[in-house]
Amino acid sequence: MADENKSNGKNGKVGLVEQVTTAVKEDIQALKTDIPTKAKEQIEGLKDPTKTQVYTSIFRHKHDDTPRNRALGVLSNVFLHLHPAKINRDAVRYSYTWGMGGITFYLFIILTYTGVLLMFYYHPSKVQAFRDVLYLEHDVPFGKILRNMHRWAAHLMVIGVWLHMFRVFLTGSYKKPREFNWNIGVLLLVFTLLLSFTGYLLPDDQLGFWAVTVGTNMARATPLLGHEGPFGSLLGMTPYNDVRFGLLGGSIVDANALLRSYIWHCIGIPIVASVLMIVHFWRVRKDGGISGPAPVVLTAEADKQRRGPKAAGE
Ligand code: HEM
């Protein structure tokens with residue numbers, strides 16, 4: 001019995017070594033024939049790049065102009081996917097949307113881009129802020145156009161967001177199921193105005209200084225939170241601990257106010273506004289796309305609807 005086991009074990013060992021050797025040999029043989037064939041295939045494929053493995057791993061569907069391929073094109077690409085696969089043609093007419101939501105967003109992108117470039121030249125300190133603006137205006141190559149692109153885009157964004165809101169109101173697009181998105185829109189309007197207001201102080205010129213002085217003075221009268229506002233004194237509000245003090249980082253418009261404006265303007269508000277915009281666009285989709293004008297009805301049909309089913313002989 002012991003002998004049998006021994007020989008089995010020996011045979012088993014030999015068997016395993018043999019198996020591995022043959023497998024390795026087979027693999028080497030396969031590599032010898034496969035690699036050249038694969039390489040040939042790839043080189044051949046380069047003549048038609050759409051057949052290469054790299055190409056097909058990126059573009060996963062055919063490109064003939066069929067509705068299916070167009071839908072697949074949109075659905076399988078993250079950037080195109082930001083757009084819906086199908087839309088109501090009448091809903092996206094400029095005569096209906098005025099393009100104002102899109103233009104507002106486009107201006108926000110320009111503002112972010114030019115704003116980041118401006119940050120390379122601007123220091124939010126009392127000593128340097130105004131000098132940096134002069135430097136940008138007179139010495140930095142393209143500095144004047146950069147600063148003015150930022151300023152004009154800011155003015156236009158404020159106008160754009162109002163016009164967009166006005167069109168949404170005129171087309172009744174705030175009604176069911178879009179009430180929630182209207183509210184997100186109201187927040188976006190507030191944040192757009194706050195971006196504009198916080199940017200006003202940054203050049204540290206007379207205009208900005210007095211605008212922010214007036215603006216933040218209003219905060220004194222905030223109910224409960226301002227020291228001159230209703231019930232403010234009951235809560236122990238003074239010029240040194242009320243909401244105005246919090247906004248300015250002090251009791252006067254000075255270095256701390258400049259720094260706070262800068263941080264709100266460049267970091268805080270843009271982040272919140274970006275998140276709200278993502279929610280806003282997502283809601284447009286979830287609410288069934290842009291609302292669209294009332295469906296076209298033939299005069300005869302409209303007549304029927306007006307007179308009711310009896311008059312129509314139904
Ligand atoms: C930063 C500000 C804003 C941006 C970038 C923005 C962007 C957009 C875009 C691109 C659309 C698609 C339709 C279109 O272009 O008209 C849209 C739709 C809409 N927006 Fe805005 N929006 C902003 C502010 C507002 C405001 C202030 C309101 C209202 C208070 C609002 C309410 C709506 C509603 C209800 C829709 C759906 C309209 C429909 O289905 O017809 N949005 N927004």
# chains A, B, ... in the order shown; residues from 1 in each chain; ligands from 1
>>> residues_near_ligand(ligand="ligand 1", cutoff="6 Å", atoms="only C-alpha atoms and all ligand atoms", output="VMD selection string")
chain A and resid 97 99 to 102 104 to 105 161 165 168 173 to 174 178 181 to 182 185 to 186 188 to 189 284 289 to 291
>>> write_last_selection(atoms="N, CA, C and O atoms", output="JSON list (two decimals), in the first residue's frame")
[["chain", "number", "residue", "atom", "x", "y", "z"],
["A", 97, "THR", "N", -37.63, 80.69, -25.97],
["A", 97, "THR", "CA", -36.79, 80.76, -24.75],
["A", 97, "THR", "C", -36.03, 82.08, -24.63],
["A", 97, "THR", "O", -35.51, 82.40, -23.58],
["A", 99, "GLY", "N", -33.32, 82.28, -25.45],
["A", 99, "GLY", "CA", -31.95, 81.79, -25.22],
["A", 99, "GLY", "C", -31.32, 82.36, -23.96],
["A", 99, "GLY", "O", -30.11, 82.24, -23.75],
["A", 100, "MET", "N", -32.15, 82.95, -23.10],
["A", 100, "MET", "CA", -31.57, 83.72, -21.99],
["A", 100, "MET", "C", -30.94, 82.86, -20.89],
["A", 100, "MET", "O", -29.94, 83.24, -20.30],
["A", 101, "GLY", "N", -31.54, 81.68, -20.62],
["A", 101, "GLY", "CA", -30.94, 80.80, -19.62],
["A", 101, "GLY", "C", -29.55, 80.38, -20.09],
["A", 101, "GLY", "O", -28.57, 80.46, -19.35],
["A", 102, "GLY", "N", -29.47, 79.95, -21.36],
["A", 102, "GLY", "CA", -28.20, 79.50, -21.94],
["A", 102, "GLY", "C", -27.18, 80.63, -21.95],
["A", 102, "GLY", "O", -26.01, 80.42, -21.60],
["A", 104, "THR", "N", -27.07, 83.26, -20.04],
["A", 104, "THR", "CA", -26.67, 83.55, -18.66],
["A", 104, "THR", "C", -25.59, 82.55, -18.22],
["A", 104, "THR", "O", -24.58, 82.94, -17.62],
["A", 105, "PHE", "N", -25.81, 81.29, -18.56],
["A", 105, "PHE", "CA", -24.83, 80.26, -18.17],
["A", 105, "PHE", "C", -23.49, 80.50, -18.89],
["A", 105, "PHE", "O", -22.42, 80.41, -18.29],
["A", 161, "VAL", "N", -30.09, 87.29, -16.48],
["A", 161, "VAL", "CA", -30.84, 86.48, -15.51],
["A", 161, "VAL", "C", -32.24, 87.09, -15.29],
["A", 161, "VAL", "O", -33.24, 86.37, -15.18],
["A", 165, "MET", "N", -35.75, 85.22, -16.27],
["A", 165, "MET", "CA", -36.83, 85.07, -15.29],
["A", 165, "MET", "C", -38.13, 85.65, -15.88],
["A", 165, "MET", "O", -39.21, 85.06, -15.70],
["A", 168, "VAL", "N", -39.54, 83.20, -18.36],
["A", 168, "VAL", "CA", -40.13, 82.04, -17.67],
["A", 168, "VAL", "C", -41.49, 82.45, -17.11],
["A", 168, "VAL", "O", -42.47, 81.70, -17.18],
["A", 173, "SER", "N", -43.94, 79.20, -17.21],
["A", 173, "SER", "CA", -43.16, 77.98, -16.99],
["A", 173, "SER", "C", -42.85, 77.74, -15.51],
["A", 173, "SER", "O", -42.15, 76.80, -15.18],
["A", 174, "TYR", "N", -43.34, 78.62, -14.66],
["A", 174, "TYR", "CA", -43.13, 78.42, -13.21],
["A", 174, "TYR", "C", -44.21, 77.50, -12.63],
["A", 174, "TYR", "O", -44.14, 77.10, -11.48],
["A", 178, "ARG", "N", -42.98, 72.73, -12.49],
["A", 178, "ARG", "CA", -41.70, 73.45, -12.44],
["A", 178, "ARG", "C", -41.56, 74.41, -11.27],
["A", 178, "ARG", "O", -40.67, 75.25, -11.25],
["A", 181, "ASN", "N", -38.17, 74.25, -9.58],
["A", 181, "ASN", "CA", -37.08, 74.85, -10.35],
["A", 181, "ASN", "C", -37.17, 76.38, -10.35],
["A", 181, "ASN", "O", -36.15, 77.06, -10.41],
["A", 182, "TRP", "N", -38.38, 76.90, -10.28],
["A", 182, "TRP", "CA", -38.53, 78.36, -10.17],
["A", 182, "TRP", "C", -37.85, 78.84, -8.88],
["A", 182, "TRP", "O", -37.15, 79.83, -8.86],
["A", 185, "GLY", "N", -34.31, 78.86, -9.21],
["A", 185, "GLY", "CA", -34.01, 80.05, -10.02],
["A", 185, "GLY", "C", -33.94, 81.31, -9.17],
["A", 185, "GLY", "O", -33.04, 82.14, -9.34],
["A", 186, "VAL", "N", -34.88, 81.45, -8.24],
["A", 186, "VAL", "CA", -34.88, 82.64, -7.38],
["A", 186, "VAL", "C", -33.56, 82.70, -6.60],
["A", 186, "VAL", "O", -32.93, 83.76, -6.49],
["A", 188, "LEU", "N", -30.77, 81.40, -7.55],
["A", 188, "LEU", "CA", -29.72, 81.74, -8.52],
["A", 188, "LEU", "C", -29.68, 83.24, -8.78],
["A", 188, "LEU", "O", -28.62, 83.84, -8.91],
["A", 189, "LEU", "N", -30.87, 83.84, -8.83],
["A", 189, "LEU", "CA", -30.93, 85.29, -9.04],
["A", 189, "LEU", "C", -30.24, 86.00, -7.87],
["A", 189, "LEU", "O", -29.40, 86.89, -8.07],
["A", 284, "VAL", "N", -34.59, 70.88, -15.10],
["A", 284, "VAL", "CA", -35.20, 71.16, -16.41],
["A", 284, "VAL", "C", -35.47, 69.82, -17.09],
["A", 284, "VAL", "O", -36.56, 69.58, -17.62],
["A", 289, "GLY", "N", -38.10, 68.45, -19.77],
["A", 289, "GLY", "CA", -37.46, 69.36, -20.75],
["A", 289, "GLY", "C", -38.07, 70.75, -20.67],
["A", 289, "GLY", "O", -38.98, 70.99, -19.87],
["A", 290, "ILE", "N", -37.56, 71.66, -21.52],
["A", 290, "ILE", "CA", -38.08, 73.03, -21.53],
["A", 290, "ILE", "C", -39.58, 72.96, -21.85],
["A", 290, "ILE", "O", -40.00, 72.16, -22.69],
["A", 291, "SER", "N", -40.35, 73.81, -21.19],
["A", 291, "SER", "CA", -41.81, 73.65, -21.21],
["A", 291, "SER", "C", -42.42, 73.61, -22.62],
["A", 291, "SER", "O", -43.27, 72.80, -22.90]]
>>> closest_atom_pairs(of="region 180-231 of chain A", to="region 251-273 of chain A", cutoff="7 Å", atoms="only C-alpha atoms", output="tab-separated table")
residue	atom	partner	partner_atom	distance
A:Leu188	CA	A:Ala273	CA	6.3
A:Phe191	CA	A:Ala273	CA	6.3
A:Leu195	CA	A:His265	CA	5.7
A:Thr198	CA	A:Ser261	CA	5.1
A:Gly199	CA	A:His265	CA	6.1
A:Leu201	CA	A:Leu258	CA	6.7
A:Leu202	CA	A:Leu258	CA	6.4
A:Thr213	CA	A:Val253	CA	6.4
>>> write_last_selection(atoms="all heavy atoms", output="compact mmCIF listing (two decimals), in the first residue's frame")
# COMPACT_ATOMS: atom_id res chain seq x y z
N LEU A 188 -30.77 81.40 -7.55
CA LEU A 188 -29.72 81.74 -8.52
C LEU A 188 -29.68 83.24 -8.78
O LEU A 188 -28.62 83.84 -8.91
CB LEU A 188 -29.94 80.98 -9.83
CG LEU A 188 -29.41 79.56 -9.85
CD1 LEU A 188 -29.89 78.81 -11.08
CD2 LEU A 188 -27.89 79.56 -9.81
N PHE A 191 -27.98 84.83 -5.83
CA PHE A 191 -26.53 84.61 -5.83
C PHE A 191 -25.84 85.38 -6.95
O PHE A 191 -24.70 85.83 -6.79
CB PHE A 191 -26.20 83.11 -5.87
CG PHE A 191 -26.34 82.49 -4.51
CD1 PHE A 191 -27.47 81.78 -4.16
CD2 PHE A 191 -25.36 82.67 -3.55
CE1 PHE A 191 -27.63 81.25 -2.89
CE2 PHE A 191 -25.49 82.14 -2.28
CZ PHE A 191 -26.64 81.43 -1.95
N LEU A 195 -22.93 88.01 -6.27
CA LEU A 195 -21.62 87.98 -6.97
C LEU A 195 -21.28 89.37 -7.47
O LEU A 195 -20.15 89.85 -7.32
CB LEU A 195 -21.70 87.03 -8.17
CG LEU A 195 -21.36 85.57 -7.92
CD1 LEU A 195 -21.60 84.76 -9.16
CD2 LEU A 195 -19.90 85.43 -7.49
N THR A 198 -20.43 91.71 -4.38
CA THR A 198 -19.14 91.48 -3.73
C THR A 198 -17.98 91.86 -4.65
O THR A 198 -16.92 92.26 -4.18
CB THR A 198 -18.97 90.00 -3.30
OG1 THR A 198 -19.33 89.17 -4.41
CG2 THR A 198 -19.81 89.63 -2.11
N GLY A 199 -18.22 91.76 -5.97
CA GLY A 199 -17.16 92.14 -6.92
C GLY A 199 -16.96 93.65 -6.95
O GLY A 199 -15.88 94.14 -7.28
N LEU A 201 -16.66 95.86 -4.61
CA LEU A 201 -15.69 96.44 -3.67
C LEU A 201 -14.24 96.17 -4.09
O LEU A 201 -13.33 96.92 -3.74
CB LEU A 201 -15.94 95.87 -2.27
CG LEU A 201 -15.08 96.43 -1.13
CD1 LEU A 201 -15.36 97.92 -0.95
CD2 LEU A 201 -15.31 95.70 0.17
N LEU A 202 -14.05 95.09 -4.87
CA LEU A 202 -12.68 94.60 -5.10
C LEU A 202 -11.70 95.61 -5.70
O LEU A 202 -10.54 95.64 -5.30
CB LEU A 202 -12.71 93.29 -5.91
CG LEU A 202 -13.46 92.14 -5.23
CD1 LEU A 202 -13.30 90.86 -6.03
CD2 LEU A 202 -12.98 91.92 -3.80
N THR A 213 -20.51 100.68 1.33
CA THR A 213 -20.89 101.38 2.56
C THR A 213 -22.41 101.49 2.65
O THR A 213 -23.01 101.12 3.67
CB THR A 213 -20.26 102.80 2.58
OG1 THR A 213 -18.85 102.66 2.43
CG2 THR A 213 -20.58 103.54 3.86
>>> residues_around(residues="Gly143 (chain A)", least_positions_apart="4", cutoff="12 Å", atoms="only C-alpha atoms", output="ChimeraX atom specification")
/A:114-115,117-122,132-139,147-150
>>> closest_residue(among="A:Arg131, A:Pro124, A:Met157, A:Pro84", to="Lys286 (chain A)", atoms="only C-alpha atoms")
A:Pro84
>>> select_by_dssp(residues="region 212-305 of chain A", states="alpha helix (DSSP H)", output="PyMOL selection string")
chain A and resi 212-219+243-248+255-263+269-286+299-305
>>> residues_around(residues="Gly250 (chain A)", least_positions_apart="6", cutoff="10 Å", atoms="only C-alpha atoms", output="ChimeraX atom specification")
/A:239-242,244,256-257
>>> write_last_selection(atoms="N, CA and C atoms", output="short mmCIF file (atom, residue, chain, number, x, y, z; two decimals), in the first residue's frame")
data_model
loop_
_atom_site.label_atom_id
_atom_site.label_comp_id
_atom_site.auth_asym_id
_atom_site.auth_seq_id
_atom_site.Cartn_x
_atom_site.Cartn_y
_atom_site.Cartn_z
N PRO A 239 -23.36 97.76 17.19
CA PRO A 239 -22.59 97.88 15.94
C PRO A 239 -21.39 96.92 15.90
N TYR A 240 -21.08 96.33 17.03
CA TYR A 240 -19.87 95.47 17.08
C TYR A 240 -20.16 93.98 17.12
N ASN A 241 -21.44 93.61 16.99
CA ASN A 241 -21.71 92.17 16.94
C ASN A 241 -22.89 91.83 16.02
N ASP A 242 -23.40 92.83 15.28
CA ASP A 242 -24.59 92.52 14.46
C ASP A 242 -24.19 91.96 13.08
N ARG A 244 -24.12 93.31 10.16
CA ARG A 244 -23.24 94.19 9.38
C ARG A 244 -21.78 93.95 9.78
N ASN A 256 -10.54 94.22 6.28
CA ASN A 256 -11.23 92.94 6.49
C ASN A 256 -12.41 92.78 5.54
N ALA A 257 -13.11 93.90 5.28
CA ALA A 257 -14.25 93.85 4.37
C ALA A 257 -13.77 93.46 2.97
#
>>> residues_around(residues="region 54-68 of chain A", least_positions_apart="3", cutoff="12 Å", atoms="only C-alpha atoms", output="PyMOL selection string")
chain A and resi 42+45-46+48-51+71-78+85-86
>>> write_last_selection(atoms="N, CA, C and O atoms", output="PDB file, in the first residue's frame")
ATOM      1  N   GLN A  42      -3.363  44.657 -36.444  1.00  0.00           N
ATOM      2  CA  GLN A  42      -3.347  46.047 -35.963  1.00  0.00           C
ATOM      3  C   GLN A  42      -2.810  46.989 -37.036  1.00  0.00           C
ATOM      4  O   GLN A  42      -3.373  48.058 -37.271  1.00  0.00           O
ATOM      5  N   GLY A  45      -5.260  47.331 -39.502  1.00  0.00           N
ATOM      6  CA  GLY A  45      -6.341  48.175 -38.953  1.00  0.00           C
ATOM      7  C   GLY A  45      -6.035  49.657 -39.062  1.00  0.00           C
ATOM      8  O   GLY A  45      -6.947  50.481 -39.164  1.00  0.00           O
ATOM      9  N   LEU A  46      -4.765  50.001 -39.021  1.00  0.00           N
ATOM     10  CA  LEU A  46      -4.401  51.420 -39.076  1.00  0.00           C
ATOM     11  C   LEU A  46      -4.852  52.074 -40.384  1.00  0.00           C
ATOM     12  O   LEU A  46      -5.051  53.279 -40.461  1.00  0.00           O
ATOM     13  N   ASP A  48      -7.656  51.589 -41.670  1.00  0.00           N
ATOM     14  CA  ASP A  48      -9.000  52.080 -41.346  1.00  0.00           C
ATOM     15  C   ASP A  48      -9.073  52.244 -39.821  1.00  0.00           C
ATOM     16  O   ASP A  48      -9.397  51.298 -39.111  1.00  0.00           O
ATOM     17  N   PRO A  49      -8.731  53.448 -39.296  1.00  0.00           N
ATOM     18  CA  PRO A  49      -8.614  53.612 -37.843  1.00  0.00           C
ATOM     19  C   PRO A  49      -9.894  53.273 -37.084  1.00  0.00           C
ATOM     20  O   PRO A  49      -9.846  52.904 -35.928  1.00  0.00           O
ATOM     21  N   THR A  50     -11.028  53.321 -37.764  1.00  0.00           N
ATOM     22  CA  THR A  50     -12.287  53.030 -37.050  1.00  0.00           C
ATOM     23  C   THR A  50     -12.367  51.567 -36.644  1.00  0.00           C
ATOM     24  O   THR A  50     -13.245  51.180 -35.894  1.00  0.00           O
ATOM     25  N   LYS A  51     -11.457  50.728 -37.200  1.00  0.00           N
ATOM     26  CA  LYS A  51     -11.509  49.293 -36.854  1.00  0.00           C
ATOM     27  C   LYS A  51     -10.509  48.952 -35.756  1.00  0.00           C
ATOM     28  O   LYS A  51     -10.488  47.822 -35.284  1.00  0.00           O
ATOM     29  N   ALA A  71     -29.035  58.633 -31.134  1.00  0.00           N
ATOM     30  CA  ALA A  71     -29.368  58.515 -29.711  1.00  0.00           C
ATOM     31  C   ALA A  71     -28.220  57.864 -28.953  1.00  0.00           C
ATOM     32  O   ALA A  71     -27.826  58.316 -27.881  1.00  0.00           O
ATOM     33  N   LEU A  72     -27.623  56.803 -29.569  1.00  0.00           N
ATOM     34  CA  LEU A  72     -26.496  56.127 -28.902  1.00  0.00           C
ATOM     35  C   LEU A  72     -25.320  57.086 -28.744  1.00  0.00           C
ATOM     36  O   LEU A  72     -24.633  57.085 -27.729  1.00  0.00           O
ATOM     37  N   GLY A  73     -25.088  57.902 -29.784  1.00  0.00           N
ATOM     38  CA  GLY A  73     -24.006  58.889 -29.735  1.00  0.00           C
ATOM     39  C   GLY A  73     -24.144  59.791 -28.527  1.00  0.00           C
ATOM     40  O   GLY A  73     -23.181  60.080 -27.816  1.00  0.00           O
ATOM     41  N   VAL A  74     -25.368  60.235 -28.280  1.00  0.00           N
ATOM     42  CA  VAL A  74     -25.617  61.139 -27.155  1.00  0.00           C
ATOM     43  C   VAL A  74     -25.481  60.388 -25.836  1.00  0.00           C
ATOM     44  O   VAL A  74     -24.832  60.855 -24.898  1.00  0.00           O
ATOM     45  N   LEU A  75     -26.089  59.188 -25.792  1.00  0.00           N
ATOM     46  CA  LEU A  75     -26.136  58.483 -24.508  1.00  0.00           C
ATOM     47  C   LEU A  75     -24.793  57.915 -24.065  1.00  0.00           C
ATOM     48  O   LEU A  75     -24.557  57.742 -22.880  1.00  0.00           O
ATOM     49  N   SER A  76     -23.904  57.616 -25.038  1.00  0.00           N
ATOM     50  CA  SER A  76     -22.663  56.958 -24.632  1.00  0.00           C
ATOM     51  C   SER A  76     -21.495  57.935 -24.499  1.00  0.00           C
ATOM     52  O   SER A  76     -20.364  57.516 -24.363  1.00  0.00           O
ATOM     53  N   ASN A  77     -21.773  59.252 -24.538  1.00  0.00           N
ATOM     54  CA  ASN A  77     -20.689  60.226 -24.390  1.00  0.00           C
ATOM     55  C   ASN A  77     -21.040  61.182 -23.261  1.00  0.00           C
ATOM     56  O   ASN A  77     -22.115  61.792 -23.275  1.00  0.00           O
ATOM     57  N   VAL A  78     -20.128  61.306 -22.298  1.00  0.00           N
ATOM     58  CA  VAL A  78     -20.496  62.068 -21.089  1.00  0.00           C
ATOM     59  C   VAL A  78     -20.814  63.528 -21.418  1.00  0.00           C
ATOM     60  O   VAL A  78     -21.716  64.119 -20.847  1.00  0.00           O
ATOM     61  N   ALA A  85     -31.415  63.236 -25.261  1.00  0.00           N
ATOM     62  CA  ALA A  85     -31.329  62.542 -26.541  1.00  0.00           C
ATOM     63  C   ALA A  85     -32.388  63.077 -27.506  1.00  0.00           C
ATOM     64  O   ALA A  85     -32.179  63.141 -28.706  1.00  0.00           O
ATOM     65  N   LYS A  86     -33.551  63.473 -26.973  1.00  0.00           N
ATOM     66  CA  LYS A  86     -34.625  63.996 -27.825  1.00  0.00           C
ATOM     67  C   LYS A  86     -35.183  65.262 -27.198  1.00  0.00           C
ATOM     68  O   LYS A  86     -35.315  65.335 -25.975  1.00  0.00           O
TER      69      LYS A  86
END
